[in-house]
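Just below is one structure, and these are the notes that go with it.
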There are 2 protein chains.
Amino acid sequence: MLNERMVGLGSSRSVIRELFEYGKKRAAIVGAENVFDFSIGNPSVPAPASVNETVMRLIREEDSVLLHGYTSAQGDAAVRDTLAGSINRRFGTDFTGDNLYCTMGAAAALCCCLNAMCCPGDEIVVIAPFFPEYKVFIEGAGGKMALVPADIDTFQINFEALAKTINAHTKGIIVNSPNNPCGVVYSEETVKKLSQLLEAKSAEYGHPIYLISDEPYREIVYDGVEVPYLTKYYKNTLVCYSYSKSLSIPGERIGYVVVPSAMDDWQRVYAAVAGAGRSLGYVNASSLFQRVVAACAEDTADLAVYAKNRRILLDGLRAMGFTCVEPGGTFYLFPRSLEPDAVAFSERAKAHDLLLVPGDGFGCPGHVRISYCVPTERIKRALPVFEKLAKEYK
Amino acid sequence: MLNERMVGLGSSRSVIRELFEYGKKRAAIVGAENVFDFSIGNPSVPAPASVNETVMRLIREEDSVLLHGYTSAQGDAAVRDTLAGSINRRFGTDFTGDNLYCTMGAAAALCCCLNAMCCPGDEIVVIAPFFPEYKVFIEGAGGKMALVPADIDTFQINFEALAKTINAHTKGIIVNSPNNPCGVVYSEETVKKLSQLLEAKSAEYGHPIYLISDEPYREIVYDGVEVPYLTKYYKNTLVCYSYSKSLSIPGERIGYVVVPSAMDDWQRVYAAVAGAGRSLGYVNASSLFQRVVAACAEDTADLAVYAKNRRILLDGLRAMGFTCVEPGGTFYLFPRSLEPDAVAFSERAKAHDLLLVPGDGFGCPGHVRISYCVPTERIKRALPVFEKLAKEYK
């Protein structure tokens, strides 16, 4: 008599969570230092000092009733103006606070966008490899996920497959660059081709196909890689942002949706996003953390450790014969597994207490995800273990 | 091509919000001191000092990665244990942390419960007068709201009407005591009769009818009124709680759902609530504020001003001839309007810059809601204005 979809979602642990729990059990047996858990994508560096300093300052200086009180459903007007200004300065856009809708993180932002646009029968396109919760959010909004297989040589977009996947029922497409799980950043060439395809398909089917850009990793990039700002290439783009990764505050759930004025019918789209937030029970994003991110919008946690880990691990694995597409950002590597069955490979790694997530759940078999948001010394100690594993395949 | 329900929800301002905006406009013309805005139910007292002290302490003492990091989806285990212990001490229950699911306030809690239980065709019963967003949340979960008219003499439950409203499609019923908008607390007699009726109807239809108790005002009661803890009367009760009102932190969005072990199939119900949270994009409730409410679970803001306001306003209005059922709690009065059409009455009040919300939106015409969470001096200055209005009807 319950909603069985919800029972299922609440009962099934994700593969990632299973591995993580297994790692905790093994740590109790063999010692935490002997378990190499690369399963979970939790930021491992503290928030920048400015976050906690801002919390303290706001509490000292602001009136409690205002500071902890309801804000407008779309977020405090001054906060939205500040965030829009910061985006404009950094990415050459021209948003105002009216284009922003504050949310409780990127998951909430995605749910608001998906619920705003999905009507019965609608399809949302997702490109492998993809964050598995997209399917949950799309189905929660009453849509159907349509999966485009990965281009495993580059992890850019397989445009031939994408063109075939889009049809009259396609309402939107979610992209995630820098990408979880593969770390790859879409090149400007990819973005331009994507925009052209979406424009042509929108014209062909007589309705906009919305591009939903999920970009919590925008600030976590290496070697000067640029992440194109998608609203500048395709007008019907909704940006979903979260401060979880850039400010290392994933538990505080704070982010936003950008609904550009250049979008078709933008005010109706904005209303639909706000209406979805209302229907899903969001009321408003945390009033304290709205103010915090406005004050810290251009700060980031110290990402140097990720850069260091990435270099050591990528060079190390390649030297052992692993094939891994160059990841421009995030804190994930996504090498090919050393046998075609990534689940079997992950099991063999587990025998060495090396916890890697098979790519199957990300829609990309034959690969494993390695979350390197861990202390560097763990990376260094893990290399000989990877080596042992690799030798088994020689 | 958008979801028109969401466009509608995001475009239409509530009557309350319209009045509030009107009040701000009038204040700019006639001066803030001459507008008597009783429209909005925002706590007007600061959070207890312990809230801000706890925030500061946590930031000083705790590791940033843990403090601002993801918690389990259901909330931090230690937090849930602490909250369960506090509920048990105060209300004589026997919950553990496993019975609690932390949410972003009561709205999120309601949405999780409704999405957990609603299947296509299901009805959720609501008793007038009711908080208008219930309809939004029920329809968002795919259910249909079935409204039981108010018993306007007592604002307890019209059981005859309730019995007729429940049918084979009834999945649950939402109650809200202390009640927004009327302030009334259900007596133990009402709770017992309700429990008996729900048990009989559950047996008749061969499935549990869930009682959803929305109780953000539990701590805001006067004259020693007791608020029965519903899980002790009816096993299939889900409690939705928020700290918005008791701790005056409505903008921070923090609360919980209680799923008692005594409930039929409780672990499946718990899983469904958690699954709904996942499907709606909630991830976890604010990690910082989970810790804050655990530390402040038995504190409240200084509610003395509400008690004072209530007394002055209730006595004053009754002396002018207003009929008002004794409100045991909240910060609302819900007197009868002085003409049958509450909208017309509210318009006449508006001519005096007295902003009262017509009861129609709460499913209870012929009444107006007065939110007395305002400075006491505003209440005192408003009395002569109410007097003038009342004289027009003599």
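To be explicit about the labels: the chains of the structure tokens are called A, B, and onward in the order shown, and within each one the residues are counted from 1, while ligands get numbers from 1 in the order they are shown.
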Using only C-alpha atoms, find the residues of chain B whose closest atom to chain A is at most 7 Å away, then write them as a short mmCIF file (atom, residue, chain, number, x, y, z; two decimals) with all heavy atoms, in the first residue's frame.
data_model
loop_
_atom_site.label_atom_id
_atom_site.label_comp_id
_atom_site.auth_asym_id
_atom_site.auth_seq_id
_atom_site.Cartn_x
_atom_site.Cartn_y
_atom_site.Cartn_z
N LEU B 2 6.14 23.55 -20.99
CA LEU B 2 6.60 23.37 -19.61
C LEU B 2 5.54 22.59 -18.85
O LEU B 2 4.45 22.33 -19.37
CB LEU B 2 6.82 24.74 -18.97
CG LEU B 2 7.93 25.57 -19.60
CD1 LEU B 2 7.81 27.02 -19.20
CD2 LEU B 2 9.29 25.01 -19.18
N ASN B 3 5.84 22.22 -17.64
CA ASN B 3 4.83 21.62 -16.80
C ASN B 3 3.94 22.75 -16.27
O ASN B 3 4.37 23.57 -15.45
CB ASN B 3 5.49 20.85 -15.65
CG ASN B 3 4.48 20.13 -14.80
OD1 ASN B 3 3.53 20.73 -14.32
ND2 ASN B 3 4.68 18.84 -14.62
N MET B 6 3.47 23.52 -12.56
CA MET B 6 4.59 24.20 -11.92
C MET B 6 4.59 25.69 -12.30
O MET B 6 4.87 26.54 -11.45
CB MET B 6 5.91 23.54 -12.33
CG MET B 6 6.02 22.09 -11.93
SD MET B 6 5.72 21.78 -10.16
CE MET B 6 5.84 19.99 -10.14
N VAL B 7 4.31 26.00 -13.55
CA VAL B 7 4.24 27.41 -13.96
C VAL B 7 3.20 28.12 -13.10
O VAL B 7 3.45 29.21 -12.57
CB VAL B 7 3.89 27.55 -15.46
CG1 VAL B 7 3.74 29.01 -15.84
CG2 VAL B 7 4.95 26.89 -16.34
N GLY B 8 2.05 27.48 -12.94
CA GLY B 8 0.98 28.06 -12.13
C GLY B 8 1.41 28.28 -10.69
O GLY B 8 1.21 29.36 -10.12
N LEU B 9 2.05 27.27 -10.11
CA LEU B 9 2.48 27.39 -8.70
C LEU B 9 3.52 28.47 -8.52
O LEU B 9 3.57 29.14 -7.48
CB LEU B 9 3.07 26.06 -8.21
CG LEU B 9 2.08 24.94 -7.92
CD1 LEU B 9 2.83 23.66 -7.55
CD2 LEU B 9 1.13 25.33 -6.79
N GLY B 10 4.36 28.65 -9.54
CA GLY B 10 5.41 29.65 -9.42
C GLY B 10 4.94 31.05 -9.77
O GLY B 10 5.58 32.04 -9.42
N SER B 11 3.79 31.14 -10.45
CA SER B 11 3.30 32.46 -10.89
C SER B 11 2.33 33.08 -9.90
O SER B 11 2.27 34.29 -9.75
CB SER B 11 2.57 32.34 -12.24
OG SER B 11 3.39 31.70 -13.18
N SER B 44 8.64 36.42 15.34
CA SER B 44 9.14 37.78 15.52
C SER B 44 10.13 37.87 16.67
O SER B 44 10.61 38.95 16.97
CB SER B 44 7.97 38.72 15.79
OG SER B 44 7.28 38.31 16.96
N VAL B 45 10.42 36.75 17.32
CA VAL B 45 11.38 36.78 18.43
C VAL B 45 12.67 36.11 17.95
O VAL B 45 12.63 35.24 17.09
CB VAL B 45 10.83 36.07 19.68
CG1 VAL B 45 9.60 36.79 20.19
CG2 VAL B 45 10.52 34.61 19.41
N PRO B 46 13.81 36.55 18.50
CA PRO B 46 15.07 35.95 18.05
C PRO B 46 15.21 34.49 18.51
O PRO B 46 14.52 34.07 19.45
CB PRO B 46 16.14 36.83 18.71
CG PRO B 46 15.45 37.49 19.85
CD PRO B 46 14.01 37.62 19.49
N ALA B 47 16.08 33.76 17.85
CA ALA B 47 16.42 32.41 18.31
C ALA B 47 16.98 32.50 19.72
O ALA B 47 17.57 33.52 20.09
CB ALA B 47 17.46 31.81 17.36
N ASN B 52 22.84 30.39 18.49
CA ASN B 52 24.04 31.02 17.94
C ASN B 52 25.30 30.60 18.69
O ASN B 52 26.37 30.44 18.09
CB ASN B 52 23.88 32.54 17.94
CG ASN B 52 22.97 33.00 16.81
OD1 ASN B 52 22.70 32.25 15.87
ND2 ASN B 52 22.49 34.23 16.90
N MET B 56 28.63 28.83 16.97
CA MET B 56 30.01 29.31 17.21
C MET B 56 30.87 28.19 17.80
O MET B 56 32.00 27.99 17.38
CB MET B 56 29.99 30.50 18.19
CG MET B 56 29.09 31.64 17.77
SD MET B 56 29.88 32.74 16.57
CE MET B 56 29.84 34.26 17.46
N ILE B 59 31.76 25.51 15.25
CA ILE B 59 32.75 25.99 14.28
C ILE B 59 34.14 26.06 14.91
O ILE B 59 35.13 25.72 14.26
CB ILE B 59 32.29 27.34 13.69
CG1 ILE B 59 31.20 27.02 12.65
CG2 ILE B 59 33.45 28.12 13.10
CD1 ILE B 59 30.75 28.16 11.84
N SER B 64 36.21 20.81 10.17
CA SER B 64 35.38 21.41 9.10
C SER B 64 34.85 20.35 8.14
O SER B 64 33.70 20.40 7.71
CB SER B 64 36.22 22.44 8.35
OG SER B 64 35.57 22.84 7.16
N VAL B 65 35.72 19.38 7.80
CA VAL B 65 35.30 18.37 6.82
C VAL B 65 34.11 17.56 7.36
O VAL B 65 33.18 17.22 6.62
CB VAL B 65 36.48 17.46 6.43
CG1 VAL B 65 36.02 16.31 5.54
CG2 VAL B 65 37.57 18.27 5.72
N HIS B 68 30.81 20.24 8.00
CA HIS B 68 30.10 20.70 6.80
C HIS B 68 29.97 19.59 5.75
O HIS B 68 29.61 19.86 4.61
CB HIS B 68 30.85 21.89 6.18
CG HIS B 68 30.96 23.08 7.07
ND1 HIS B 68 29.87 23.70 7.64
CD2 HIS B 68 32.04 23.79 7.50
CE1 HIS B 68 30.28 24.74 8.37
NE2 HIS B 68 31.59 24.80 8.31
N GLY B 69 30.34 18.35 6.14
CA GLY B 69 30.32 17.25 5.17
C GLY B 69 28.95 16.60 5.07
O GLY B 69 28.04 16.88 5.87
N TYR B 70 28.81 15.73 4.06
CA TYR B 70 27.58 14.95 3.96
C TYR B 70 27.35 14.20 5.26
O TYR B 70 28.28 13.72 5.88
CB TYR B 70 27.72 13.88 2.86
CG TYR B 70 27.79 14.39 1.45
CD1 TYR B 70 28.96 14.27 0.72
CD2 TYR B 70 26.69 14.94 0.84
CE1 TYR B 70 29.04 14.71 -0.60
CE2 TYR B 70 26.76 15.39 -0.48
CZ TYR B 70 27.93 15.27 -1.19
OH TYR B 70 28.00 15.70 -2.48
N THR B 71 26.09 14.09 5.67
CA THR B 71 25.74 13.11 6.69
C THR B 71 25.04 11.96 5.97
O THR B 71 24.79 12.05 4.77
CB THR B 71 24.79 13.69 7.75
OG1 THR B 71 23.51 13.92 7.14
CG2 THR B 71 25.32 14.98 8.34
N ALA B 107 7.84 21.20 5.88
CA ALA B 107 7.34 21.09 4.51
C ALA B 107 8.01 19.91 3.82
O ALA B 107 7.34 19.08 3.17
CB ALA B 107 7.62 22.39 3.74
N ALA B 108 9.32 19.80 3.98
CA ALA B 108 10.05 18.67 3.40
C ALA B 108 9.58 17.36 4.04
O ALA B 108 9.42 16.35 3.36
CB ALA B 108 11.55 18.85 3.60
N CYS B 111 6.31 16.41 2.54
CA CYS B 111 6.49 15.93 1.16
C CYS B 111 7.08 14.53 1.14
O CYS B 111 6.68 13.70 0.32
CB CYS B 111 7.38 16.91 0.37
SG CYS B 111 6.49 18.42 -0.05
N ALA B 116 5.98 9.10 0.01
CA ALA B 116 6.22 7.71 0.43
C ALA B 116 4.96 6.87 0.30
O ALA B 116 5.02 5.69 -0.02
CB ALA B 116 6.70 7.69 1.88
N MET B 117 3.81 7.48 0.54
CA MET B 117 2.59 6.68 0.62
C MET B 117 1.67 6.79 -0.60
O MET B 117 0.91 5.86 -0.87
CB MET B 117 1.81 7.01 1.89
CG MET B 117 1.21 8.41 1.94
SD MET B 117 0.29 8.76 3.50
CE MET B 117 1.59 8.72 4.72
N CYS B 118 1.72 7.91 -1.31
CA CYS B 118 0.70 8.12 -2.36
C CYS B 118 0.96 7.27 -3.60
O CYS B 118 2.05 7.25 -4.15
CB CYS B 118 0.64 9.60 -2.75
SG CYS B 118 -0.31 10.58 -1.58
N CYS B 119 -0.09 6.59 -4.04
CA CYS B 119 -0.11 5.88 -5.31
C CYS B 119 -1.22 6.54 -6.13
O CYS B 119 -2.09 7.21 -5.57
CB CYS B 119 -0.41 4.40 -5.10
SG CYS B 119 0.71 3.62 -3.92
N VAL B 136 -0.92 21.76 -2.21
CA VAL B 136 0.21 21.76 -3.14
C VAL B 136 1.06 20.50 -2.93
O VAL B 136 1.44 19.82 -3.89
CB VAL B 136 1.08 23.02 -2.93
CG1 VAL B 136 2.33 22.98 -3.81
CG2 VAL B 136 0.27 24.29 -3.21
N PHE B 137 1.34 20.18 -1.67
CA PHE B 137 2.21 19.04 -1.37
C PHE B 137 1.51 17.72 -1.74
O PHE B 137 2.14 16.81 -2.27
CB PHE B 137 2.59 19.02 0.11
CG PHE B 137 3.34 20.25 0.57
CD1 PHE B 137 3.30 20.65 1.90
CD2 PHE B 137 4.11 21.01 -0.32
CE1 PHE B 137 3.99 21.78 2.34
CE2 PHE B 137 4.80 22.14 0.11
CZ PHE B 137 4.73 22.52 1.45
N GLY B 140 1.45 17.41 -5.43
CA GLY B 140 2.83 17.16 -5.87
C GLY B 140 3.21 15.69 -5.72
O GLY B 140 4.04 15.17 -6.47
N ILE B 249 13.94 29.73 13.81
CA ILE B 249 14.94 29.63 12.74
C ILE B 249 14.28 29.10 11.46
O ILE B 249 14.79 28.16 10.83
CB ILE B 249 16.13 28.71 13.15
CG1 ILE B 249 15.64 27.35 13.69
CG2 ILE B 249 17.00 29.38 14.20
CD1 ILE B 249 16.76 26.32 13.88
N PRO B 250 13.16 29.74 11.04
CA PRO B 250 12.42 29.18 9.90
C PRO B 250 13.23 29.16 8.60
O PRO B 250 13.00 28.31 7.76
CB PRO B 250 11.20 30.10 9.77
CG PRO B 250 11.63 31.38 10.40
CD PRO B 250 12.53 30.98 11.53
N GLY B 251 14.18 30.09 8.46
CA GLY B 251 14.96 30.14 7.23
C GLY B 251 15.97 29.01 7.11
O GLY B 251 16.48 28.74 6.03
N GLU B 252 16.27 28.34 8.24
CA GLU B 252 17.32 27.32 8.21
C GLU B 252 16.78 25.95 7.80
O GLU B 252 17.56 25.05 7.48
CB GLU B 252 18.05 27.24 9.55
CG GLU B 252 18.61 28.57 10.06
CD GLU B 252 19.56 29.26 9.07
OE1 GLU B 252 19.90 28.67 8.05
OE2 GLU B 252 19.91 30.44 9.33
N ARG B 253 15.47 25.78 7.81
CA ARG B 253 14.84 24.56 7.28
C ARG B 253 15.40 23.30 7.93
O ARG B 253 16.17 22.55 7.33
CB ARG B 253 14.99 24.46 5.76
CG ARG B 253 14.71 25.71 4.96
CD ARG B 253 13.36 26.33 5.17
NE ARG B 253 12.27 25.39 5.05
CZ ARG B 253 11.21 25.40 5.83
NH1 ARG B 253 11.05 26.30 6.80
NH2 ARG B 253 10.26 24.53 5.68
N ARG B 268 9.51 -0.73 6.19
CA ARG B 268 9.18 -0.38 4.80
C ARG B 268 8.70 1.07 4.70
O ARG B 268 9.01 1.77 3.74
CB ARG B 268 8.13 -1.34 4.25
CG ARG B 268 8.74 -2.65 3.69
CD ARG B 268 7.68 -3.68 3.35
NE ARG B 268 6.58 -3.15 2.55
CZ ARG B 268 6.63 -2.95 1.22
NH1 ARG B 268 7.71 -3.27 0.55
NH2 ARG B 268 5.59 -2.47 0.58
N ALA B 271 11.75 3.18 4.91
CA ALA B 271 12.46 3.13 3.63
C ALA B 271 11.77 4.02 2.60
O ALA B 271 12.42 4.72 1.82
CB ALA B 271 12.56 1.70 3.12
N ALA B 272 10.44 4.00 2.59
CA ALA B 272 9.70 4.80 1.60
C ALA B 272 9.88 6.29 1.86
O ALA B 272 10.02 7.09 0.92
CB ALA B 272 8.22 4.42 1.62
N ALA B 274 12.53 7.65 3.26
CA ALA B 274 13.90 7.93 2.83
C ALA B 274 14.00 7.93 1.30
O ALA B 274 14.68 8.77 0.71
CB ALA B 274 14.86 6.90 3.42
N GLY B 275 13.30 7.00 0.67
CA GLY B 275 13.30 6.94 -0.80
C GLY B 275 12.69 8.20 -1.38
O GLY B 275 13.17 8.72 -2.40
N ALA B 276 11.65 8.71 -0.74
CA ALA B 276 11.02 9.94 -1.22
C ALA B 276 11.99 11.11 -1.08
O ALA B 276 12.13 11.93 -2.00
CB ALA B 276 9.73 10.22 -0.44
N SER B 279 14.33 10.82 -3.94
CA SER B 279 13.70 11.14 -5.22
C SER B 279 13.45 12.64 -5.38
O SER B 279 13.46 13.16 -6.49
CB SER B 279 12.39 10.37 -5.33
OG SER B 279 11.74 10.63 -6.56
N LEU B 280 13.21 13.32 -4.27
CA LEU B 280 12.91 14.76 -4.31
C LEU B 280 14.20 15.60 -4.30
O LEU B 280 14.13 16.83 -4.37
CB LEU B 280 12.01 15.16 -3.14
CG LEU B 280 10.64 14.45 -3.07
CD1 LEU B 280 9.90 14.83 -1.78
CD2 LEU B 280 9.78 14.77 -4.28
N GLY B 281 15.35 14.94 -4.17
CA GLY B 281 16.64 15.66 -4.25
C GLY B 281 17.15 16.21 -2.94
O GLY B 281 18.00 17.10 -2.94
N TYR B 282 16.66 15.67 -1.80
CA TYR B 282 17.04 16.28 -0.52
C TYR B 282 18.46 15.92 -0.05
O TYR B 282 19.04 16.66 0.73
CB TYR B 282 16.00 15.98 0.55
CG TYR B 282 14.83 16.94 0.47
CD1 TYR B 282 13.61 16.58 -0.05
CD2 TYR B 282 15.00 18.26 0.88
CE1 TYR B 282 12.56 17.49 -0.14
CE2 TYR B 282 13.97 19.18 0.79
CZ TYR B 282 12.74 18.78 0.28
OH TYR B 282 11.73 19.69 0.19
N ASN B 284 20.64 15.32 2.15
CA ASN B 284 20.60 15.26 3.62
C ASN B 284 20.20 16.63 4.16
O ASN B 284 20.35 17.63 3.45
CB ASN B 284 21.94 14.81 4.25
CG ASN B 284 23.14 15.70 3.99
OD1 ASN B 284 24.13 15.30 3.41
ND2 ASN B 284 23.06 16.97 4.41
N SER B 286 20.65 19.97 6.45
CA SER B 286 21.86 20.75 6.73
C SER B 286 22.67 20.13 7.85
O SER B 286 22.20 19.95 8.97
CB SER B 286 21.49 22.18 7.12
OG SER B 286 22.58 22.80 7.79
N SER B 287 23.94 19.80 7.56
CA SER B 287 24.78 19.11 8.54
C SER B 287 25.03 19.99 9.75
O SER B 287 24.99 19.52 10.89
CB SER B 287 26.08 18.65 7.88
OG SER B 287 26.66 19.69 7.13
N LEU B 288 25.28 21.29 9.55
CA LEU B 288 25.51 22.18 10.69
C LEU B 288 24.25 22.25 11.56
O LEU B 288 24.32 22.08 12.78
CB LEU B 288 25.89 23.58 10.19
CG LEU B 288 26.02 24.65 11.28
CD1 LEU B 288 27.16 24.33 12.25
CD2 LEU B 288 26.27 26.04 10.65
#
Could you find all residues in segment 68-227 of chain B that DSSP calls alpha helix (DSSP H) from the backbone, and write them as a count of residues only?
61
Interatomic distance between atom CA of Ile173 of chain B and atom CA of Leu238 of chain B?
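Atom CA of Leu238 of chain B lies at a distance of 10.2 Å from atom CA of Ile173 of chain B.
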Run DSSP on the backbone and grab whatever in segment 102-247 of chain A lands in strand (DSSP E); send it over as a ChimeraX atom specification.
/A:102-103,123-127,144-148,170-175,210-214,237-242
Next, write the just-selected residues to a file, as a tab-separated table (two decimals), in the first residue's frame, keeping N, CA, C and O atoms as the atom set.
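Everything below was put into selection-v6.tsv:
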chain	number	residue	atom	x	y	z
A	102	CYS	N	17.82	30.35	-5.81
A	102	CYS	CA	18.68	29.63	-4.85
A	102	CYS	C	18.06	28.29	-4.47
A	102	CYS	O	16.85	28.19	-4.27
A	103	THR	N	18.91	27.28	-4.38
A	103	THR	CA	18.42	25.92	-4.06
A	103	THR	C	19.29	25.28	-2.99
A	103	THR	O	20.37	25.76	-2.67
A	123	GLU	N	11.04	12.71	-22.40
A	123	GLU	CA	12.32	12.05	-22.22
A	123	GLU	C	13.41	13.09	-21.92
A	123	GLU	O	13.40	14.18	-22.46
A	124	ILE	N	14.32	12.70	-21.05
A	124	ILE	CA	15.49	13.52	-20.75
A	124	ILE	C	16.72	12.71	-21.14
A	124	ILE	O	16.89	11.57	-20.70
A	125	VAL	N	17.55	13.30	-21.98
A	125	VAL	CA	18.74	12.60	-22.47
A	125	VAL	C	19.88	12.77	-21.47
A	125	VAL	O	20.09	13.85	-20.91
A	126	VAL	N	20.60	11.69	-21.24
A	126	VAL	CA	21.78	11.69	-20.37
A	126	VAL	C	22.91	11.02	-21.14
A	126	VAL	O	22.67	10.06	-21.88
A	127	ILE	N	24.11	11.54	-20.97
A	127	ILE	CA	25.27	11.02	-21.72
A	127	ILE	C	26.17	10.23	-20.78
A	127	ILE	O	26.60	10.75	-19.74
A	144	LYS	N	11.41	10.12	-18.45
A	144	LYS	CA	12.08	8.85	-18.77
A	144	LYS	C	13.49	9.19	-19.20
A	144	LYS	O	13.70	10.13	-19.97
A	145	MET	N	14.47	8.45	-18.67
A	145	MET	CA	15.85	8.73	-19.05
A	145	MET	C	16.19	8.04	-20.36
A	145	MET	O	15.89	6.86	-20.55
A	146	ALA	N	16.81	8.76	-21.30
A	146	ALA	CA	17.30	8.16	-22.55
A	146	ALA	C	18.81	8.28	-22.54
A	146	ALA	O	19.35	9.39	-22.46
A	147	LEU	N	19.50	7.15	-22.58
A	147	LEU	CA	20.95	7.14	-22.38
A	147	LEU	C	21.72	7.09	-23.69
A	147	LEU	O	21.46	6.26	-24.55
A	148	VAL	N	22.69	7.99	-23.82
A	148	VAL	CA	23.60	7.98	-24.96
A	148	VAL	C	24.90	7.30	-24.52
A	148	VAL	O	25.50	7.73	-23.53
A	170	THR	N	11.78	14.41	-26.61
A	170	THR	CA	12.92	14.89	-25.84
A	170	THR	C	12.64	16.30	-25.30
A	170	THR	O	12.47	17.24	-26.08
A	171	LYS	N	12.62	16.43	-23.99
A	171	LYS	CA	12.37	17.74	-23.37
A	171	LYS	C	13.67	18.42	-22.98
A	171	LYS	O	13.78	19.64	-22.97
A	172	GLY	N	14.68	17.61	-22.64
A	172	GLY	CA	15.93	18.21	-22.21
A	172	GLY	C	17.07	17.22	-22.24
A	172	GLY	O	16.88	16.03	-22.52
A	173	ILE	N	18.25	17.75	-21.96
A	173	ILE	CA	19.45	16.91	-21.90
A	173	ILE	C	20.29	17.40	-20.73
A	173	ILE	O	20.42	18.61	-20.54
A	174	ILE	N	20.78	16.47	-19.93
A	174	ILE	CA	21.66	16.85	-18.82
A	174	ILE	C	23.11	16.61	-19.22
A	174	ILE	O	23.44	15.53	-19.70
A	175	VAL	N	23.94	17.64	-19.07
A	175	VAL	CA	25.38	17.42	-19.24
A	175	VAL	C	26.08	17.78	-17.93
A	175	VAL	O	25.55	18.55	-17.12
A	210	TYR	N	15.74	21.77	-23.70
A	210	TYR	CA	16.52	22.47	-22.68
A	210	TYR	C	17.82	21.74	-22.39
A	210	TYR	O	17.84	20.51	-22.27
A	211	LEU	N	18.89	22.52	-22.28
A	211	LEU	CA	20.19	21.97	-21.88
A	211	LEU	C	20.35	22.26	-20.39
A	211	LEU	O	20.36	23.41	-19.97
A	212	ILE	N	20.45	21.20	-19.60
A	212	ILE	CA	20.63	21.36	-18.16
A	212	ILE	C	22.09	21.07	-17.85
A	212	ILE	O	22.56	19.95	-18.04
A	213	SER	N	22.80	22.10	-17.42
A	213	SER	CA	24.23	21.95	-17.15
A	213	SER	C	24.44	21.79	-15.65
A	213	SER	O	24.28	22.72	-14.87
A	214	ASP	N	24.78	20.57	-15.26
A	214	ASP	CA	25.03	20.27	-13.84
A	214	ASP	C	26.52	20.44	-13.60
A	214	ASP	O	27.32	19.65	-14.08
A	237	THR	N	19.65	27.17	-22.02
A	237	THR	CA	20.46	26.44	-21.03
A	237	THR	C	20.04	26.83	-19.62
A	237	THR	O	19.90	28.01	-19.31
A	238	LEU	N	19.86	25.84	-18.76
A	238	LEU	CA	19.67	26.05	-17.33
A	238	LEU	C	20.93	25.58	-16.63
A	238	LEU	O	21.37	24.44	-16.85
A	239	VAL	N	21.52	26.42	-15.80
A	239	VAL	CA	22.73	26.03	-15.08
A	239	VAL	C	22.36	25.62	-13.66
A	239	VAL	O	21.66	26.35	-12.96
A	240	CYS	N	22.81	24.43	-13.25
A	240	CYS	CA	22.61	23.97	-11.87
A	240	CYS	C	23.96	23.96	-11.17
A	240	CYS	O	24.86	23.24	-11.59
A	241	TYR	N	24.08	24.78	-10.15
A	241	TYR	CA	25.37	24.90	-9.47
A	241	TYR	C	25.24	24.55	-8.00
A	241	TYR	O	24.18	24.75	-7.39
A	242	SER	N	26.33	24.07	-7.44
A	242	SER	CA	26.39	23.77	-6.01
A	242	SER	C	27.73	24.23	-5.47
A	242	SER	O	28.74	24.15	-6.18
As an exercise, work out the distance from atom CA of Phe20 of chain A to atom CA of Val259 of chain B in Å and give it to one decimal place.
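Atom CA of Val259 of chain B lies 26.4 Å from atom CA of Phe20 of chain A.
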One number please: atom CA of Ala301 of chain A to atom CA of Phe91 of chain A, in Å, one decimal.
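Pair atom CA of Ala301 of chain A / atom CA of Phe91 of chain A returns 19.8 Å.
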So which residues touch Phe362 of chain B within 10 Å, counting only C-alpha atoms, skipping near sequence neighbours fewer than 5 positions away, as number ranges by chain?
B: 127-133, 150, 180-182, 357, 367-369
Show which residues sit within 12 Å of Ala84 of chain A, as a ChimeraX atom specification. Count only C-alpha atoms, and ignore same-chain residues fewer than 4 positions away.
/A:77-80,88-102,256-260,293-294,297-298
